[in-house]
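Okay, so here's the structure we're looking at.
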Amino acid sequence: MTAASPAREPLRLHVPEPTGRPGCETDFSYLHLSAAGSKRKPPINEVPAKTIDLAFALIRVLDDTGQAVGPWDPKVDAAFLKRGMRAMLKTRAFDARMLVAQRQKKTSFYMQCLGEEAIATAHWMALTPGDMCFPTYRQQGLLLANDEVPMVEMMCQLFSNRRDPMKGRQLPVMYSYKKHGFFSVSGNLATQVIQAVGWAMASAIKNDTKVASAWIGDGATAESDFHTALTFAHVYRAPVIINVVNNQWAISTFQAIAGGEGTTFAARGVGCGIASLRVDGNDFLAVYAASKWALERARSNHGPTLIEWVTYRAGAHSTSDDPTKYRPDNDAARFPLGDPVARLKQHMVALGIWSDAEHEALKKQVEGEVAAAQKEAESHGTLADGHVHPASEMFEDVYKDMPAHLKRQRAELGIG
Amino acid sequence: MTAASPAREPLRLHVPEPTGRPGCETDFSYLHLSAAGSKRKPPINEVPAKTIDLAFALIRVLDDTGQAVGPWDPKVDAAFLKRGMRAMLKTRAFDARMLVAQRQKKTSFYMQCLGEEAIATAHWMALTPGDMCFPTYRQQGLLLANDEVPMVEMMCQLFSNRRDPMKGRQLPVMYSYKKHGFFSVSGNLATQVIQAVGWAMASAIKNDTKVASAWIGDGATAESDFHTALTFAHVYRAPVIINVVNNQWAISTFQAIAGGEGTTFAARGVGCGIASLRVDGNDFLAVYAASKWALERARSNHGPTLIEWVTYRAGAHSTSDDPTKYRPDNDAARFPLGDPVARLKQHMVALGIWSDAEHEALKKQVEGEVAAAQKEAESHGTLADGHVHPASEMFEDVYKDMPAHLKRQRAELGIG
Amino acid sequence: MPDGGNMKTTQMTMIQALRSAMDVMLERDNNVVLFGQDVGYFGGVFRCTEGLQKKYGKSRVFDSPISEGGIIGAAVGMGAYGLRPVVEIQFADYVYPGIDQIVSEAARLRFRSVNDFTCPMTMRMPCGGGIYGGQTHSQSPEAMFTQVCGIRTVMPSNPYDAKGLLIACIENDDPVIFLEPKRLYNGPFDGHHDKPVVPWSKHPKGEVPEGYYTVPLESAAIVRPGSEVTVIAYGTMVYVSQAAAEESGVDAEIIDLRSIWPLDLDTLVESVKKTGRCVIVHEATRTSGFGAELMALVQENCFYHLEAPIERVTGWDTPYPHAQEWDYFPVPARVATALKKTLQG
Amino acid sequence: MPDGGNMKTTQMTMIQALRSAMDVMLERDNNVVLFGQDVGYFGGVFRCTEGLQKKYGKSRVFDSPISEGGIIGAAVGMGAYGLRPVVEIQFADYVYPGIDQIVSEAARLRFRSVNDFTCPMTMRMPCGGGIYGGQTHSQSPEAMFTQVCGIRTVMPSNPYDAKGLLIACIENDDPVIFLEPKRLYNGPFDGHHDKPVVPWSKHPKGEVPEGYYTVPLESAAIVRPGSEVTVIAYGTMVYVSQAAAEESGVDAEIIDLRSIWPLDLDTLVESVKKTGRCVIVHEATRTSGFGAELMALVQENCFYHLEAPIERVTGWDTPYPHAQEWDYFPVPARVATALKKTLQG
Ligand SMILES: Cc1ncc(C[n+]2csc(CCOP(=O)(O)OP(=O)(O)O)c2C)c(N)n1
Ligand SMILES: Cc1ncc(C[n+]2csc(CCOP(=O)(O)OP(=O)(O)O)c2C)c(N)n1
Ligand SMILES: [Mg+2]
Ligand SMILES: [Mg+2]
């Protein structure tokens, strides 16, 4: 041992703070942006350790004038862009309506993805049938981008009514759609990421071609299952994409409280031996291109990719939250990566394939679809009016076959 | 969604394998060594992300001829080197004796640190009184380097006898020595690393000057508490060193099964925003220098350091293990970083401050000390001869004050 | 003044009472620190720590990463250093990633190190249902903790007890699980979800001393004396049982455990020996719920006094449902049925 | 041939029987995969999976990182994909980092997704004491699992049952905790640690069919018929109870639960109604151990038949000690005392 060293400053605890708080504007320079088109696109079999540059940079396609630039430009056609725009607008319209429905007590709870629409929708457009997403509660875009998923059914889940496919067992937004590649949403953070890795390992064990896509928020990366997921994905080179949606906030805590200060969430992947990208999540084209790259990599036996999507949670955390208590009111408007809908619109207008009028018309159209779906869903009842699945549903599916003790308990409740 | 892509190779599961197995010699090129003296020594306030080069390299001081070279040479004096040599030889002698004692059933279990002696002993020499180590079961060197810790007492713990300071409650090797900066060893892997971070945070909260030193094996880094430790250490810039002892094996599994393939354990630290070093753990001087650097950094409010110590578990995992079942017999002898005792000896001889005769004399001396301690410890009994703490000890210290139900149970056992 | 008897009192909700307990302890002992998800700047999703960071600074009251294992593990280390950490787990449903640190570490540190290291710490967590929270915001995991040797489990049922017990727990040298029945945060809820909410200001136990006082651990309270049957309850079920007694007309003696484990066995045994009958009520699932242990203790200690089988009224052995909440929740009618049944036994 | 009745048999230890069960299932169903710490190349620290990687390849039988949460979480995902993972937790004492994936995920996936996703998986883990393993290699955590709705908990007490139950568990569509009393791996241990070890080759249940057969879940076995008192036990305690019955001369009816939860209530109730007395024996700590639930069930179902208080013989409410192992372990003498006491009741 060495003797105690000469007197020095005492230790002190560092507690990270966001640069902005109510009454004090955010300095977004902490984001370390890169110029659109400035980052290389490596081959899909890139060595993980070599992606360190991309984990500290920001991959972007759309520049400030709405041009698609650089090696990551996916060069998609007009029809594709219109489908993407529709998916984003539909998602936004759905969220807006359901937020109102919650205030009207038609549903007990709701969570919107305002400002983050590009990520789930463009990612979904890059998937192949059979792939499986393991979402959090904020990836409704994976369902709403898919016109085969009936919005009425989703709303019945939100209203916990007699047609709720989850039979009233789950909180609103906890959908499950196996046939649409959407794993049952867990209320417990991060748990589904290692499950996605296990699912991907199973796909590899069975010599299948399917890829898993796991989703997690910046805040939830602090949970241990994020670590076990990275470890298992790396060790077994699982065909999985680990999507970290860094929307800067986890309820009231800034992303630095989750460990974002002085590093990136993408960098964690590289440390664990996983190819990692940090991508502009409000850039529909960048999201699509990066997703494609990672899916191709996984499907070709080159292993997992971690993608950090940089975005901003423009709304409240949930209907139980009031963000004006902990962050500046105008934060979303000042976020340097803008709004994903506005940015894609700018691009499409610049290409000459879109106009304000067309945009408004599409908005109206999807709002109409959402309204019609809501009308139909409400005709099946809501939690408030008590048109819910019967109490006997509680005892079903706890086990594959109902054991004797649950039959006895059901009888005790008088519904035996 | 995109249509399924054209036929390609099916997915397959990758399961890492060591290059050597019984009957097939190991190719150690996977270790990616660096030449002694070739790596830079950054200032103690280095930005964590900038240590990425050191996380993928190997910091070494002693070269193949026994010269101390490069910026990490701690330039210690002869007395210091002799103390270091004594600490290592004492540790080795202690282990050898206790291994025999286990075979003679004087203790139920033992774990040696053969081949890893430089790490704990040199690290201990860099600590300051008041610092707290949170060790695993293989850091006996932290105690044996310290001549103030009575070996007799350690052996009484191993023999579970009437003088066992742990009162027979704990398996052998699960020491606890608060006054010597040695936290109670847990049988559960990785749990103590986040505790070390919490202890360090407490030191910072109290504006103290003490640093925590956490210890974990390569295999155990897969446990979730490693992740929570990295996250909390980074977020709060805790004054802590996270020592990852990469001895290539975790019982029968190779370090690649813990995630060492294509990356390093040090790289995980950088990803999490922690300054990280990869260091030759069989090089006494490199261990001392790197420990000093990290301690200085922590004590100066610059935050945590992760150090990956590259070494080799030369013995069996524990007395319950037989490594010839899963790795080549001659692996330890062929390990490119050699043996820590032999390397320090070579250095001291090259310096002209040591000789074969002095070495043999010191070995004899410490063996004598160990033998004498054992004789005394055995005079207090062993588990085998039943001279253990009484059954009533079981009921003490479960709570600060014994609750009524434990008094009733003690009475039921007939010792109330 | 350990019982707060002569102190100035104010009307407080349970949230305010808990906040006041932490405020008092932060003031008295600068080894007390508070942290957890959203507890710092924002003051917690239930606002229990509101204003405390501002008052005591960021090194004493701070936000933590979303990692229950990390929160509890760090608190163990802080306890070993000499602090008295008070941590918040946002919902008891989310404690499981921290279970290993509780079971394998906090609970055994004193024992395994023979007092060399200890970790006095309090783990606060809202529990229980009644708020349409579904399976991840409604659980009552107390039984799991009661099996862990070396920790204490406590659950208050009113603002006065909440403050006095929380102070006692923070001062206690053992690790403590402090369960807060969230449906009681704003008023004594008796299971009639369709009736208007009654605020704490209408309840005598909403009158809370402003300063320091404690409610002793391992001491149960008889909240309604009675002669026909003993009801053992805790948390929200105390009010449900009271409503059931009134509605059924059964003269039940209702005991609020307060300290779940270790507990005040004498009060239970004395009461059951007097009444000869016993009903146990808890929100948690039935099988291996803490009701099982209570039933075991009662039958072990009062066998020859029992005139009817002990009854359990509990949540069902299913995950906590969302839409069927009021079929799952042990409502007064179910408790009343058990009371009457035990009288016939 | 579900009961293996006419099959060729061999003498097996419990380790060999477990290995044989996995071998049979790997052969029959290529959705079965095995993984865990050290289970691949080496074949497990207790050698239960020895030779299986060689036989079935590295994608079916493989080593895993040291992460119980990762092992169980990955298995949940594999189950959701359609595999039947069988995972090994090296010691039940180390299951806690995986508890969240068991409680919050595996147990509820079917329920919460309304059968959209399920996870048939078997989690094997050695449990129990008697090997001088100290607090981290001796625990019996079964009670914790029995409170979790949606999973099954099973514990065999001999090679024949071990194989038949393990096959039944692997084929079962619910997640199953499969606890292996490690002190029984090599022979039926009756608690007399100072007597020579009896090998399975000397025991009729060491004779095990070579091929496929199952022992049904939720079915208890009466291992010793008797008239004076019912003993409910499982795992190692089955032999301890048998020794106690012999040594005390009490004519006990000894029931080996085999399936701990859900369980075979009828067999218990019928026996207690016949004997009027009941002793429950388990290695786990007492408070909120599974004995509490068993006691609750017996008193709920047999109250009017009981002639004496039900007795519990259990581990003490302390961490499992190392040197005092035989003071902690429920030895035959302690069970015998309880048997005699209940007869006097
Ligand atoms: C295990 C667990 N702990 C705590 C919570 C409570 N909780 C729900 S969402 C949330 C914040 C998550 O933030 P982030 O991961 O960034 O996702 P975002 O909401 O921003 O999409 C918290 C703390 C939970 N659901 N599960
Ligand atoms: C939570 C937990 N899981 C499993 C084990 C069993 N176990 C004890 S040591 C060990 C290997 C650890 O390897 P490593 O971390 O590399 O340390 P080393 O033994 O090489 O020093 C295992 C799996 C344990 N003690 N705790
Ligand atoms: Mg977020
Ligand atoms: Mg190792």
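Letters A, B, ... go to the chains of the structure tokens in the order shown; residues in each chain start at 1; ligands are counted from 1 in the same order.
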Next on the checklist: Using DSSP secondary structure from the backbone, list all strand (DSSP E) positions within segment 18-177 of chain C, as a VMD selection string.
Outcome noted: chain C and resid 32 to 36 61 to 63 84 to 88 122 to 127 152 to 154 176 to 177
What's the 10 Å shell around Glu180 of chain C, counting only C-alpha atoms, without same-chain residues fewer than 4 positions away, as a PDB file with N, CA, C and O atoms, in the first residue's frame?
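Below is the file that was written, selection-v5.pdb:
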```pdb
ATOM      1  N   MET C  14     -51.323  10.287   2.398  1.00  0.00           N
ATOM      2  CA  MET C  14     -50.228   9.354   2.657  1.00  0.00           C
ATOM      3  C   MET C  14     -48.968   9.794   1.921  1.00  0.00           C
ATOM      4  O   MET C  14     -47.853   9.635   2.417  1.00  0.00           O
ATOM      5  N   ILE C  15     -49.144  10.376   0.755  1.00  0.00           N
ATOM      6  CA  ILE C  15     -47.984  10.876   0.002  1.00  0.00           C
ATOM      7  C   ILE C  15     -47.269  11.959   0.799  1.00  0.00           C
ATOM      8  O   ILE C  15     -46.042  11.930   0.952  1.00  0.00           O
ATOM      9  N   LEU C  18     -45.442  10.436   3.790  1.00  0.00           N
ATOM     10  CA  LEU C  18     -44.198   9.762   3.414  1.00  0.00           C
ATOM     11  C   LEU C  18     -43.116  10.795   3.129  1.00  0.00           C
ATOM     12  O   LEU C  18     -41.962  10.657   3.554  1.00  0.00           O
ATOM     13  N   PHE C  91     -42.602   0.872  -9.129  1.00  0.00           N
ATOM     14  CA  PHE C  91     -43.755   0.030  -8.802  1.00  0.00           C
ATOM     15  C   PHE C  91     -43.193  -1.290  -8.275  1.00  0.00           C
ATOM     16  O   PHE C  91     -42.185  -1.779  -8.792  1.00  0.00           O
ATOM     17  N   ALA C  92     -43.868  -1.875  -7.294  1.00  0.00           N
ATOM     18  CA  ALA C  92     -43.380  -3.145  -6.743  1.00  0.00           C
ATOM     19  C   ALA C  92     -43.304  -4.211  -7.841  1.00  0.00           C
ATOM     20  O   ALA C  92     -42.478  -5.109  -7.785  1.00  0.00           O
ATOM     21  N   ARG C 124     -38.482   1.547  -0.692  1.00  0.00           N
ATOM     22  CA  ARG C 124     -39.894   1.913  -0.799  1.00  0.00           C
ATOM     23  C   ARG C 124     -40.443   1.455  -2.136  1.00  0.00           C
ATOM     24  O   ARG C 124     -39.782   1.583  -3.155  1.00  0.00           O
ATOM     25  N   MET C 125     -41.651   0.947  -2.149  1.00  0.00           N
ATOM     26  CA  MET C 125     -42.273   0.637  -3.433  1.00  0.00           C
ATOM     27  C   MET C 125     -43.790   0.612  -3.330  1.00  0.00           C
ATOM     28  O   MET C 125     -44.351  -0.009  -2.437  1.00  0.00           O
ATOM     29  N   PRO C 126     -44.462   1.320  -4.255  1.00  0.00           N
ATOM     30  CA  PRO C 126     -45.923   1.287  -4.282  1.00  0.00           C
ATOM     31  C   PRO C 126     -46.382  -0.104  -4.709  1.00  0.00           C
ATOM     32  O   PRO C 126     -45.780  -0.716  -5.595  1.00  0.00           O
ATOM     33  N   CYS C 127     -47.425  -0.602  -4.084  1.00  0.00           N
ATOM     34  CA  CYS C 127     -47.911  -1.942  -4.388  1.00  0.00           C
ATOM     35  C   CYS C 127     -49.422  -1.944  -4.453  1.00  0.00           C
ATOM     36  O   CYS C 127     -50.080  -0.958  -4.118  1.00  0.00           O
ATOM     37  N   GLY C 128     -49.968  -3.071  -4.870  1.00  0.00           N
ATOM     38  CA  GLY C 128     -51.405  -3.289  -4.818  1.00  0.00           C
ATOM     39  C   GLY C 128     -52.166  -2.691  -5.986  1.00  0.00           C
ATOM     40  O   GLY C 128     -51.615  -1.913  -6.787  1.00  0.00           O
ATOM     41  N   SER C 140     -48.814  -7.397  -5.586  1.00  0.00           N
ATOM     42  CA  SER C 140     -48.552  -7.400  -4.148  1.00  0.00           C
ATOM     43  C   SER C 140     -47.562  -8.524  -3.851  1.00  0.00           C
ATOM     44  O   SER C 140     -47.951  -9.644  -3.554  1.00  0.00           O
ATOM     45  N   VAL C 154     -42.695  -4.294   5.618  1.00  0.00           N
ATOM     46  CA  VAL C 154     -43.602  -3.420   6.350  1.00  0.00           C
ATOM     47  C   VAL C 154     -44.607  -2.819   5.370  1.00  0.00           C
ATOM     48  O   VAL C 154     -44.258  -2.551   4.223  1.00  0.00           O
ATOM     49  N   MET C 155     -45.855  -2.639   5.812  1.00  0.00           N
ATOM     50  CA  MET C 155     -46.853  -1.988   4.954  1.00  0.00           C
ATOM     51  C   MET C 155     -47.817  -1.158   5.801  1.00  0.00           C
ATOM     52  O   MET C 155     -48.580  -1.705   6.592  1.00  0.00           O
ATOM     53  N   PRO C 156     -47.783   0.155   5.626  1.00  0.00           N
ATOM     54  CA  PRO C 156     -48.691   1.007   6.400  1.00  0.00           C
ATOM     55  C   PRO C 156     -50.066   1.057   5.739  1.00  0.00           C
ATOM     56  O   PRO C 156     -50.200   0.761   4.553  1.00  0.00           O
ATOM     57  N   SER C 157     -51.069   1.467   6.500  1.00  0.00           N
ATOM     58  CA  SER C 157     -52.408   1.597   5.928  1.00  0.00           C
ATOM     59  C   SER C 157     -52.984   2.993   6.101  1.00  0.00           C
ATOM     60  O   SER C 157     -54.139   3.215   5.744  1.00  0.00           O
ATOM     61  N   ASN C 158     -52.214   3.934   6.651  1.00  0.00           N
ATOM     62  CA  ASN C 158     -52.744   5.291   6.806  1.00  0.00           C
ATOM     63  C   ASN C 158     -51.585   6.286   6.944  1.00  0.00           C
ATOM     64  O   ASN C 158     -50.446   5.883   7.202  1.00  0.00           O
ATOM     65  N   ALA C 162     -47.849   5.568   8.157  1.00  0.00           N
ATOM     66  CA  ALA C 162     -46.895   5.625   7.049  1.00  0.00           C
ATOM     67  C   ALA C 162     -45.666   6.431   7.459  1.00  0.00           C
ATOM     68  O   ALA C 162     -44.526   6.006   7.274  1.00  0.00           O
ATOM     69  N   LEU C 184     -54.144   3.680  -1.475  1.00  0.00           N
ATOM     70  CA  LEU C 184     -54.394   4.454  -0.245  1.00  0.00           C
ATOM     71  C   LEU C 184     -53.670   5.806  -0.232  1.00  0.00           C
ATOM     72  O   LEU C 184     -53.797   6.560   0.732  1.00  0.00           O
ATOM     73  N   TYR C 185     -52.904   6.093  -1.278  1.00  0.00           N
ATOM     74  CA  TYR C 185     -52.126   7.331  -1.262  1.00  0.00           C
ATOM     75  C   TYR C 185     -53.000   8.555  -0.956  1.00  0.00           C
ATOM     76  O   TYR C 185     -52.611   9.454  -0.225  1.00  0.00           O
ATOM     77  N   GLY C 235     -52.606  -3.075   4.756  1.00  0.00           N
ATOM     78  CA  GLY C 235     -52.775  -2.220   3.579  1.00  0.00           C
ATOM     79  C   GLY C 235     -54.240  -1.944   3.296  1.00  0.00           C
ATOM     80  O   GLY C 235     -55.064  -1.791   4.212  1.00  0.00           O
ATOM     81  N   THR C 236     -54.574  -1.877   2.026  1.00  0.00           N
ATOM     82  CA  THR C 236     -55.933  -1.538   1.604  1.00  0.00           C
ATOM     83  C   THR C 236     -56.976  -2.474   2.209  1.00  0.00           C
ATOM     84  O   THR C 236     -58.119  -2.075   2.470  1.00  0.00           O
TER      85      THR C 236
END
```
Item to check | Within-9 Å residues of ligand 2, basis only C-alpha atoms and all ligand atoms, as a PyMOL selection string | outcome: (chain B and resi 111+113+136-139+186-191+216-223+244-255+258+312-313+317-318) or (chain C and resi 100) or (chain D and resi 37-38+65-68+89-91+93-97+136-137)
Next, dump the selected residues to file, keeping only N, CA and C atoms, as a compact mmCIF listing (two decimals), in the first residue's frame.
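Below is the file again-v3.txt, written as the result:
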```
# COMPACT_ATOMS: atom_id res chain seq x y z
N MET B 111 -9.92 -22.61 -3.53
CA MET B 111 -9.74 -21.99 -4.84
C MET B 111 -8.41 -21.27 -4.86
N CYS B 113 -5.14 -19.12 -6.93
CA CYS B 113 -5.03 -18.08 -7.97
C CYS B 113 -3.74 -18.26 -8.75
N THR B 136 -13.55 -11.03 -5.75
CA THR B 136 -14.17 -12.33 -5.96
C THR B 136 -13.41 -13.31 -5.07
N TYR B 137 -13.66 -14.58 -5.34
CA TYR B 137 -13.01 -15.65 -4.56
C TYR B 137 -11.56 -15.88 -4.96
N ARG B 138 -11.05 -15.11 -5.95
CA ARG B 138 -9.69 -15.40 -6.41
C ARG B 138 -8.74 -14.23 -6.16
N GLN B 139 -9.08 -13.37 -5.20
CA GLN B 139 -8.21 -12.23 -4.89
C GLN B 139 -7.57 -12.35 -3.52
N SER B 186 -18.80 -12.66 -1.87
CA SER B 186 -20.11 -13.27 -2.11
C SER B 186 -19.91 -14.49 -3.00
N GLY B 187 -20.67 -15.52 -2.77
CA GLY B 187 -20.61 -16.67 -3.68
C GLY B 187 -21.32 -16.38 -4.99
N ASN B 188 -22.11 -15.32 -5.03
CA ASN B 188 -22.87 -15.00 -6.24
C ASN B 188 -22.04 -14.09 -7.11
N LEU B 189 -21.86 -14.48 -8.33
CA LEU B 189 -20.97 -13.75 -9.22
C LEU B 189 -21.47 -12.34 -9.53
N ALA B 190 -20.58 -11.42 -9.62
CA ALA B 190 -20.80 -10.07 -10.16
C ALA B 190 -21.56 -9.11 -9.25
N THR B 191 -22.26 -9.64 -8.27
CA THR B 191 -23.09 -8.79 -7.40
C THR B 191 -22.29 -7.68 -6.73
N ILE B 216 -13.89 -8.71 -10.87
CA ILE B 216 -14.80 -9.63 -11.54
C ILE B 216 -14.01 -10.45 -12.56
N GLY B 217 -14.45 -11.68 -12.80
CA GLY B 217 -13.79 -12.53 -13.79
C GLY B 217 -14.37 -12.32 -15.17
N ASP B 218 -13.65 -12.77 -16.19
CA ASP B 218 -14.14 -12.66 -17.56
C ASP B 218 -15.52 -13.29 -17.70
N GLY B 219 -15.67 -14.48 -17.16
CA GLY B 219 -16.94 -15.17 -17.31
C GLY B 219 -18.09 -14.41 -16.68
N ALA B 220 -17.84 -13.86 -15.51
CA ALA B 220 -18.91 -13.20 -14.76
C ALA B 220 -19.33 -11.86 -15.37
N THR B 221 -18.55 -11.33 -16.32
CA THR B 221 -18.97 -10.06 -16.93
C THR B 221 -20.29 -10.22 -17.68
N ALA B 222 -20.68 -11.46 -17.98
CA ALA B 222 -21.97 -11.67 -18.65
C ALA B 222 -23.15 -11.43 -17.70
N GLU B 223 -22.89 -11.49 -16.41
CA GLU B 223 -23.97 -11.25 -15.45
C GLU B 223 -24.43 -9.79 -15.52
N VAL B 244 -11.36 -6.32 -14.40
CA VAL B 244 -11.85 -7.56 -15.03
C VAL B 244 -10.66 -8.49 -15.21
N VAL B 245 -10.65 -9.56 -14.45
CA VAL B 245 -9.55 -10.51 -14.55
C VAL B 245 -9.89 -11.52 -15.64
N ASN B 246 -9.30 -11.30 -16.81
CA ASN B 246 -9.55 -12.21 -17.93
C ASN B 246 -8.49 -13.31 -17.90
N ASN B 247 -8.82 -14.39 -17.22
CA ASN B 247 -7.88 -15.52 -17.12
C ASN B 247 -8.23 -16.60 -18.12
N GLN B 248 -8.95 -16.21 -19.14
CA GLN B 248 -9.28 -17.04 -20.32
C GLN B 248 -10.34 -18.11 -20.06
N TRP B 249 -10.63 -18.42 -18.82
CA TRP B 249 -11.57 -19.50 -18.55
C TRP B 249 -12.55 -19.14 -17.43
N ALA B 250 -13.74 -19.70 -17.55
CA ALA B 250 -14.77 -19.63 -16.51
C ALA B 250 -15.24 -21.07 -16.30
N ILE B 251 -14.76 -21.71 -15.29
CA ILE B 251 -14.89 -23.17 -15.17
C ILE B 251 -14.50 -23.76 -16.53
N SER B 252 -15.42 -24.41 -17.22
CA SER B 252 -15.02 -25.10 -18.46
C SER B 252 -15.21 -24.27 -19.71
N THR B 253 -15.73 -23.05 -19.57
CA THR B 253 -15.99 -22.30 -20.80
C THR B 253 -14.94 -21.23 -21.04
N PHE B 254 -14.56 -21.15 -22.29
CA PHE B 254 -13.53 -20.25 -22.79
C PHE B 254 -14.06 -18.81 -22.77
N GLN B 255 -13.17 -17.84 -22.72
CA GLN B 255 -13.60 -16.44 -22.59
C GLN B 255 -14.48 -15.97 -23.75
N ALA B 258 -18.06 -15.85 -22.93
CA ALA B 258 -18.47 -14.66 -22.15
C ALA B 258 -18.49 -13.41 -23.02
N TYR B 312 -3.81 -15.89 -17.12
CA TYR B 312 -4.22 -17.27 -17.39
C TYR B 312 -4.45 -18.01 -16.08
N ARG B 313 -5.60 -18.67 -15.98
CA ARG B 313 -5.89 -19.47 -14.79
C ARG B 313 -5.11 -20.77 -14.90
N HIS B 317 -10.28 -24.67 -11.75
CA HIS B 317 -11.20 -23.62 -11.29
C HIS B 317 -11.32 -23.64 -9.77
N SER B 318 -11.55 -24.82 -9.22
CA SER B 318 -11.63 -24.99 -7.78
C SER B 318 -11.23 -26.43 -7.49
N ASP C 100 -32.19 -10.38 -6.84
CA ASP C 100 -30.93 -11.04 -6.47
C ASP C 100 -30.16 -10.20 -5.46
N GLN D 37 -24.74 -22.94 -18.36
CA GLN D 37 -23.32 -22.78 -18.04
C GLN D 37 -22.62 -24.14 -17.97
N ASP D 38 -21.61 -24.31 -18.80
CA ASP D 38 -20.78 -25.52 -18.79
C ASP D 38 -21.51 -26.78 -19.26
N PRO D 65 -23.20 -18.06 -21.82
CA PRO D 65 -22.56 -17.11 -20.92
C PRO D 65 -23.11 -17.28 -19.50
N ILE D 66 -22.36 -16.77 -18.54
CA ILE D 66 -22.79 -16.87 -17.14
C ILE D 66 -23.79 -15.77 -16.87
N SER D 67 -25.03 -16.04 -17.19
CA SER D 67 -26.08 -15.04 -17.04
C SER D 67 -27.40 -15.78 -16.96
N GLU D 68 -27.89 -15.95 -15.75
CA GLU D 68 -29.13 -16.69 -15.57
C GLU D 68 -30.29 -15.94 -16.23
N ILE D 89 -29.76 -24.18 -14.79
CA ILE D 89 -29.21 -23.16 -13.90
C ILE D 89 -28.27 -23.93 -12.98
N GLN D 90 -27.01 -23.50 -12.92
CA GLN D 90 -25.98 -24.36 -12.31
C GLN D 90 -26.31 -24.77 -10.88
N PHE D 91 -26.84 -23.84 -10.11
CA PHE D 91 -27.36 -24.12 -8.77
C PHE D 91 -28.63 -23.29 -8.60
N ASP D 93 -29.52 -21.75 -6.20
CA ASP D 93 -29.10 -20.54 -5.48
C ASP D 93 -28.80 -19.39 -6.45
N TYR D 94 -28.54 -19.71 -7.71
CA TYR D 94 -28.15 -18.67 -8.67
C TYR D 94 -29.28 -18.30 -9.62
N VAL D 95 -30.49 -18.70 -9.29
CA VAL D 95 -31.61 -18.43 -10.20
C VAL D 95 -32.09 -16.98 -10.10
N TYR D 96 -31.75 -16.29 -9.01
CA TYR D 96 -32.35 -14.97 -8.78
C TYR D 96 -32.12 -13.94 -9.89
N PRO D 97 -30.94 -13.89 -10.51
CA PRO D 97 -30.83 -12.94 -11.63
C PRO D 97 -31.79 -13.27 -12.79
N THR D 136 -24.53 -20.67 -0.77
CA THR D 136 -24.72 -20.48 -2.21
C THR D 136 -24.78 -21.77 -3.01
N HIS D 137 -24.82 -22.89 -2.33
CA HIS D 137 -24.96 -24.16 -3.06
C HIS D 137 -25.90 -25.10 -2.31
```
Item to check | Exercise: Phe232 of chain B partners within 8 Å, only C-alpha atoms, chain neighbours under 6 positions left out, as JSON, numbers by chain | outcome: {"A": [259], "B": [194, 197, 238], "C": [65, 70]}
Next on the checklist: With distances taken over only C-alpha atoms, which residue among B:Gly23, B:Gly260, B:Gly168, B:Pro10 lies nearest Pro328 of chain B?
Outcome noted: B:Gly23
Next on the checklist: Let's see if you can do this: from backbone DSSP, list all helix (DSSP H, G or I) residues in segment 40-250 of chain A, as a PyMOL selection string.
Outcome noted: chain A and resi 48-56+78-103+117-126+141-144+151-159+178-180+191-205+219-222+224-235
Item to check | All residues 9 Å or closer to Tyr320 of chain C, only C-alpha atoms, same chain fewer than 3 positions away omitted, as number ranges by chain | outcome: A: 169-170, 394; C: 129, 133-139, 285, 315-317, 324-325, 328-329
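Between chain D and the candidates A:Ala145, A:Ala87, A:Leu230, A:Met151, the tightest atom-to-atom separation, counting only C-alpha atoms, involves A:Leu230.
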Next on the checklist: Using only C-alpha atoms, I'd like every residue of chain C that has an atom within 8 Å of chain D; please write them out as a ChimeraX atom specification.
Outcome noted: /C:96-100,103,108,111,143-144,146-147,149-150,285-290,292-293,295-296,299-300,303,308-311,317-319
